[in-house]
Structure formats: structure tokens, C-alpha cells
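**Q** Input my_file_37.pdb, format and content: PDB, C-alpha atoms, pLDDT in the B column.
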ATOM      1  CA  MET A   1     109.339-234.020-101.515  1.00 78.00           C
ATOM      2  CA  LEU A   2     109.494-230.226-101.203  1.00 86.00           C
ATOM      3  CA  GLN A   3     108.033-229.835-104.704  1.00 86.00           C
ATOM      4  CA  GLU A   4     105.173-232.173-103.753  1.00 90.00           C
ATOM      5  CA  GLN A   5     104.437-230.173-100.602  1.00 92.00           C
ATOM      6  CA  LEU A   6     104.407-226.927-102.594  1.00 93.00           C
ATOM      7  CA  SER A   7     102.133-228.441-105.235  1.00 92.00           C
ATOM      8  CA  THR A   8      99.720-229.548-102.511  1.00 94.00           C
ATOM      9  CA  LEU A   9      99.743-226.124-100.841  1.00 95.00           C
ATOM     10  CA  THR A  10      99.127-224.280-104.120  1.00 96.00           C
ATOM     11  CA  GLU A  11      96.632-226.719-105.658  1.00 95.00           C
ATOM     12  CA  GLY A  12      93.403-224.893-106.439  1.00 94.00           C
ATOM     13  CA  LEU A  13      94.783-221.625-105.042  1.00 95.00           C
ATOM     14  CA  TYR A  14      94.418-218.537-107.244  1.00 95.00           C
ATOM     15  CA  TYR A  15      96.110-215.186-106.796  1.00 93.00           C
ATOM     16  CA  ILE A  16      93.432-212.536-107.011  1.00 88.00           C
ATOM     17  CA  SER A  17      94.015-209.384-109.028  1.00 88.00           C
ATOM     18  CA  GLU A  18      91.822-208.015-111.801  1.00 89.00           C
ATOM     19  CA  SER A  19      91.892-211.589-113.034  1.00 91.00           C
ATOM     20  CA  ASP A  20      92.546-214.748-111.036  1.00 92.00           C
ATOM     21  CA  TYR A  21      95.514-216.938-111.962  1.00 95.00           C
ATOM     22  CA  PRO A  22      96.652-220.237-110.445  1.00 96.00           C
ATOM     23  CA  PHE A  23     100.010-220.815-108.818  1.00 96.00           C
ATOM     24  CA  GLU A  24     102.386-223.099-110.676  1.00 94.00           C
ATOM     25  CA  THR A  25     105.304-224.806-108.969  1.00 92.00           C
ATOM     26  CA  LEU A  26     108.229-225.016-111.376  1.00 89.00           C
ATOM     27  CA  HIS A  27     111.071-227.487-111.188  1.00 79.00           C
ATOM     28  CA  THR A  28     114.456-226.340-112.427  1.00 78.00           C
ATOM     29  CA  GLU A  29     118.004-227.595-112.439  1.00 79.00           C
ATOM     30  CA  LEU A  30     119.245-224.033-112.877  1.00 79.00           C
ATOM     31  CA  SER A  31     121.336-222.574-110.125  1.00 76.00           C
ATOM     32  CA  GLY A  32     121.979-219.151-108.745  1.00 75.00           C
ATOM     33  CA  SER A  33     123.666-217.733-105.677  1.00 79.00           C
ATOM     34  CA  SER A  34     120.670-215.507-104.928  1.00 88.00           C
ATOM     35  CA  PRO A  35     116.987-215.343-105.870  1.00 91.00           C
ATOM     36  CA  GLU A  36     117.871-212.594-108.399  1.00 92.00           C
ATOM     37  CA  ASP A  37     120.509-214.805-110.025  1.00 91.00           C
ATOM     38  CA  LEU A  38     118.070-217.719-110.207  1.00 91.00           C
ATOM     39  CA  LEU A  39     115.394-215.478-111.750  1.00 93.00           C
ATOM     40  CA  ASN A  40     117.831-214.165-114.355  1.00 92.00           C
ATOM     41  CA  ALA A  41     118.976-217.709-115.223  1.00 90.00           C
ATOM     42  CA  TYR A  42     115.349-218.864-115.526  1.00 91.00           C
ATOM     43  CA  LEU A  43     114.326-215.912-117.706  1.00 93.00           C
ATOM     44  CA  ALA A  44     117.396-216.330-119.931  1.00 91.00           C
ATOM     45  CA  ALA A  45     116.542-220.027-120.382  1.00 90.00           C
ATOM     46  CA  GLN A  46     113.050-218.914-121.489  1.00 90.00           C
ATOM     47  CA  GLY A  47     114.557-216.440-123.995  1.00 91.00           C
ATOM     48  CA  ILE A  48     113.399-213.385-122.044  1.00 89.00           C
ATOM     49  CA  GLU A  49     115.989-210.620-122.086  1.00 85.00           C
ATOM     50  CA  ASN A  50     116.040-207.347-120.128  1.00 85.00           C
ATOM     51  CA  PRO A  51     112.474-207.393-118.812  1.00 90.00           C
ATOM     52  CA  MET A  52     111.120-204.829-116.388  1.00 93.00           C
ATOM     53  CA  ILE A  53     111.408-206.349-112.897  1.00 95.00           C
ATOM     54  CA  GLU A  54     109.900-205.152-109.615  1.00 95.00           C
ATOM     55  CA  LYS A  55     111.103-206.779-106.406  1.00 96.00           C
ATOM     56  CA  ARG A  56     108.748-207.347-103.457  1.00 93.00           C
ATOM     57  CA  THR A  57     108.821-209.174-100.150  1.00 92.00           C
ATOM     58  CA  LEU A  58     106.716-212.234 -99.431  1.00 92.00           C
ATOM     59  CA  ALA A  59     104.826-210.330 -96.744  1.00 91.00           C
ATOM     60  CA  ASP A  60     103.987-207.539 -99.201  1.00 94.00           C
ATOM     61  CA  PHE A  61     102.884-209.976-101.905  1.00 95.00           C
ATOM     62  CA  PHE A  62     100.587-211.945 -99.574  1.00 95.00           C
ATOM     63  CA  HIS A  63      99.391-208.955 -97.497  1.00 95.00           C
ATOM     64  CA  ASN A  64      95.852-208.744 -98.881  1.00 93.00           C
ATOM     65  CA  ALA A  65      95.515-212.484 -99.483  1.00 95.00           C
ATOM     66  CA  VAL A  66      95.989-213.401 -95.803  1.00 96.00           C
ATOM     67  CA  ARG A  67      93.906-210.585 -94.289  1.00 95.00           C
ATOM     68  CA  ILE A  68      90.587-211.516 -92.770  1.00 95.00           C
ATOM     69  CA  TYR A  69      87.994-208.775 -93.015  1.00 92.00           C
ATOM     70  CA  GLU A  70      84.767-208.344 -91.131  1.00 94.00           C
ATOM     71  CA  GLY A  71      81.919-209.774 -93.172  1.00 94.00           C
ATOM     72  CA  MET A  72      83.994-212.392 -95.017  1.00 95.00           C
ATOM     73  CA  GLY A  73      82.263-215.684 -95.671  1.00 96.00           C
ATOM     74  CA  ALA A  74      83.538-219.076 -94.534  1.00 96.00           C
ATOM     75  CA  ASP A  75      84.963-219.858 -97.993  1.00 95.00           C
ATOM     76  CA  GLU A  76      86.892-216.594 -98.088  1.00 95.00           C
ATOM     77  CA  ILE A  77      88.268-217.183 -94.597  1.00 96.00           C
ATOM     78  CA  GLU A  78      89.357-220.685 -95.640  1.00 96.00           C
ATOM     79  CA  ILE A  79      91.180-219.281 -98.682  1.00 96.00           C
ATOM     80  CA  ALA A  80      92.923-216.645 -96.543  1.00 96.00           C
ATOM     81  CA  GLY A  81      93.991-219.476 -94.224  1.00 97.00           C
ATOM     82  CA  ARG A  82      95.433-221.425 -97.161  1.00 97.00           C
ATOM     83  CA  PHE A  83      97.424-218.377 -98.239  1.00 97.00           C
ATOM     84  CA  GLN A  84      98.698-218.037 -94.667  1.00 97.00           C
ATOM     85  CA  GLN A  85      99.755-221.708 -94.673  1.00 96.00           C
ATOM     86  CA  LEU A  86     101.690-221.163 -97.911  1.00 96.00           C
ATOM     87  CA  LEU A  87     103.320-218.009 -96.547  1.00 94.00           C
ATOM     88  CA  ASP A  88     104.291-219.774 -93.305  1.00 94.00           C
ATOM     89  CA  PHE A  89     105.649-222.798 -95.184  1.00 94.00           C
ATOM     90  CA  LEU A  90     107.807-220.635 -97.460  1.00 93.00           C
ATOM     91  CA  GLY A  91     109.060-218.646 -94.476  1.00 90.00           C
ATOM     92  CA  VAL A  92     110.162-221.803 -92.665  1.00 90.00           C
ATOM     93  CA  GLN A  93     111.544-223.645 -95.692  1.00 88.00           C
ATOM     94  CA  CYS A  94     113.491-220.672 -97.035  1.00 85.00           C
ATOM     95  CA  ALA A  95     114.494-219.048 -93.755  1.00 79.00           C
ATOM     96  CA  GLY A  96     114.020-215.571 -95.206  1.00 76.00           C
ATOM     97  CA  ASN A  97     115.774-216.381 -98.490  1.00 84.00           C
ATOM     98  CA  MET A  98     112.710-215.913-100.729  1.00 91.00           C
ATOM     99  CA  GLU A  99     111.942-212.939-102.942  1.00 94.00           C
ATOM    100  CA  VAL A 100     108.980-211.986-105.110  1.00 96.00           C
ATOM    101  CA  PHE A 101     109.593-210.593-108.590  1.00 97.00           C
ATOM    102  CA  ARG A 102     106.972-209.021-110.830  1.00 96.00           C
ATOM    103  CA  VAL A 103     108.189-209.338-114.417  1.00 96.00           C
ATOM    104  CA  GLY A 104     106.892-207.514-117.475  1.00 92.00           C
ATOM    105  CA  ASN A 105     104.772-204.516-118.331  1.00 86.00           C
ATOM    106  CA  LEU A 106     101.216-203.591-117.437  1.00 79.00           C
ATOM    107  CA  PRO A 107      98.540-204.732-117.662  1.00 89.00           C
ATOM    108  CA  GLU A 108      99.698-208.366-117.239  1.00 90.00           C
ATOM    109  CA  LYS A 109     102.807-209.344-115.295  1.00 94.00           C
ATOM    110  CA  GLU A 110     104.237-212.714-114.419  1.00 95.00           C
ATOM    111  CA  VAL A 111     105.048-213.083-110.744  1.00 97.00           C
ATOM    112  CA  TYR A 112     107.819-215.363-109.524  1.00 97.00           C
ATOM    113  CA  LEU A 113     108.324-216.382-105.906  1.00 96.00           C
ATOM    114  CA  ILE A 114     111.944-217.538-105.882  1.00 94.00           C
ATOM    115  CA  GLY A 115     114.204-218.825-103.173  1.00 90.00           C
ATOM    116  CA  GLN A 116     116.238-221.698-101.919  1.00 87.00           C
ATOM    117  CA  SER A 117     115.233-224.077 -99.158  1.00 87.00           C
ATOM    118  CA  CYS A 118     117.422-224.673 -96.124  1.00 84.00           C
ATOM    119  CA  GLU A 119     118.478-227.928 -97.834  1.00 85.00           C
ATOM    120  CA  GLY A 120     119.627-226.013-100.935  1.00 83.00           C
ATOM    121  CA  GLU A 121     116.700-226.938-103.198  1.00 86.00           C
ATOM    122  CA  ASN A 122     115.551-224.214-105.586  1.00 88.00           C
ATOM    123  CA  ILE A 123     111.953-223.036-105.253  1.00 90.00           C
ATOM    124  CA  ILE A 124     110.168-221.254-108.077  1.00 93.00           C
ATOM    125  CA  ILE A 125     106.450-220.580-107.947  1.00 95.00           C
ATOM    126  CA  ARG A 126     104.820-218.643-110.775  1.00 96.00           C
ATOM    127  CA  THR A 127     101.501-216.850-111.159  1.00 96.00           C
ATOM    128  CA  LYS A 128     100.239-213.763-112.973  1.00 95.00           C
ATOM    129  CA  VAL A 129      98.637-210.471-112.025  1.00 94.00           C
ATOM    130  CA  VAL A 130      96.541-208.168-114.133  1.00 92.00           C
ATOM    131  CA  GLU A 131      96.468-204.473-113.258  1.00 86.00           C
ATOM    132  CA  THR A 132      95.020-201.720-115.384  1.00 82.00           C
TER     133      THR A 132
END
Spit out the file's structure as C-alpha cells when you get a sec.

**A**
Amino acid sequence: MLQEQLSTLTEGLYYISESDYPFETLHTELSGSSPEDLLNAYLAAQGIENPMIEKRTLADFFHNAVRIYEGMGADEIEIAGRFQQLLDFLGVQCAGNMEVFRVGNLPEKEVYLIGQSCEGENIIIRTKVVET
């Protein structure tokens, strides 16, 4: 049920950087005692070894996406609201046990939002950012 809720919240939502990428909710049976451990287990299962990793908070990651600026159109305000709903949902479901990891080298990095719900279910959401 949690995976379905996340899929609904992220459906049609794109993280905006120099290119826009969708969010993908991943299901995994991997386990880890922390978001870092879960990330490392996931990357190892994908054959990715010793990547560059930057750690961020959820608030930092969503900072620009949830801001409403003067002059924004109705569509942009709606999208900011959807990002806020996702941020709020993750905050409640993970009770502060969610981290954001940017993996790889510039210009394109994969971004993983990883945590564990209060019920112990793993949450992994993936997107990409492009920065030059």
C-alpha cells in the first residue's frame, strides 16, 4: 500500500534541473540498518562500486521545488503543492529517517531518496539531475 501511495504522489512529477527527470518508486527486498546501508546494498546489487556520493536532507533537496514565487502561474503553483505533498508524506511516513543521496559524477547524477517507514518498509525513490 505504501508503494502505491508513493507511485500516486510521484506520478507525472518531474524533478527540475538542467533537464527534467521523472521520479521512480523502486521496490526492493534488500535490507539495511540505515539509509546509507540500504543505498550501498542497492548500488552493490546494481554492480556499482565506490561511486561518488553526496548526502543531502529532504528539506534541502525539495527547497526550490516547494517554493512559491511571486508571478508563478497556476500550473507552477500546483506542481509546487504536489512537491510539498510528497515532502510531507515522506516526513510523516519515515519520521525523519529519510536521506537524499546524489550518486555519480557531473554532469548527470542519480538521486536516491531512501528511508524506512514507521512500519519498517523500505522506501527508495530515484530520479536524476543534470548540472553543468

**Q** When distances are computed from all atoms listed in the file, which of A:Glu36, A:Glu119, A:Asp75, A:Glu29 shows the smallest separation from Val92 in chain A?

**A**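 Closest to Val92 in chain A of all the choices is A:Glu119.
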
**Q** Run the PyMOL selection byres ((chain A and resi 25) around 6) on the file and write out the hits as an MDAnalysis selection string.

**A** chainID A and resid 24 26 125

**Q** So that I have them on file, write out the residues from the current selection with C-alpha atoms, as a PDB file, keeping the file's coordinate frame.

**A**
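Just written: out11.pdb:
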ATOM      1  CA  GLU A  24     102.386-223.099-110.676  1.00 94.00           C
ATOM      2  CA  LEU A  26     108.229-225.016-111.376  1.00 89.00           C
ATOM      3  CA  ILE A 125     106.450-220.580-107.947  1.00 95.00           C
TER       4      ILE A 125
END

**Q** I'd like the neighbourhood of range 96-106 of chain A as a ChimeraX atom specification, where a residue qualifies if any of its atoms comes within 6 Å (using only C-alpha atoms), though same-chain residues fewer than 6 positions away should be ignored.

**A** /A:51-57,112-115

**Q** Could you list the residues chosen by the PyMOL selection byres ((chain A and resi 89) around 12) in this structure as a list in words?

**A**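 Answer for the PyMOL selection byres ((chain A and resi 89) around 12): Leu2, Gln5, Leu6, Thr8, Leu9, Thr10, Leu58, Arg82, Phe83, Gln84, Gln85, Leu86, Leu87, Asp88, Leu90, Gly91, Val92, Gln93, Cys94, Ala95, Gly96, Met98, Ser117, Cys118 and Ile123 of chain A.
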
**Q** When you count only C-alpha atoms, which of these residues is closest to Glu108 in chain A: A:Val130, A:Ala59, A:Ile124, A:Ala80?

**A**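 Closest residue, counting only C-alpha atoms: A:Val130.
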
**Q** Write out as a PyMOL selection string the residues lying within 7 Å of Leu13 in chain A, counting all atoms listed in the file and excluding same-chain residues fewer than 2 positions away.

**A** chain A and resi 10-11+15+22-23

**Q** Any idea what the distance is between CA of Ala41 in chain A and CA of Gly120 in chain A?

**A** 16.5 Å
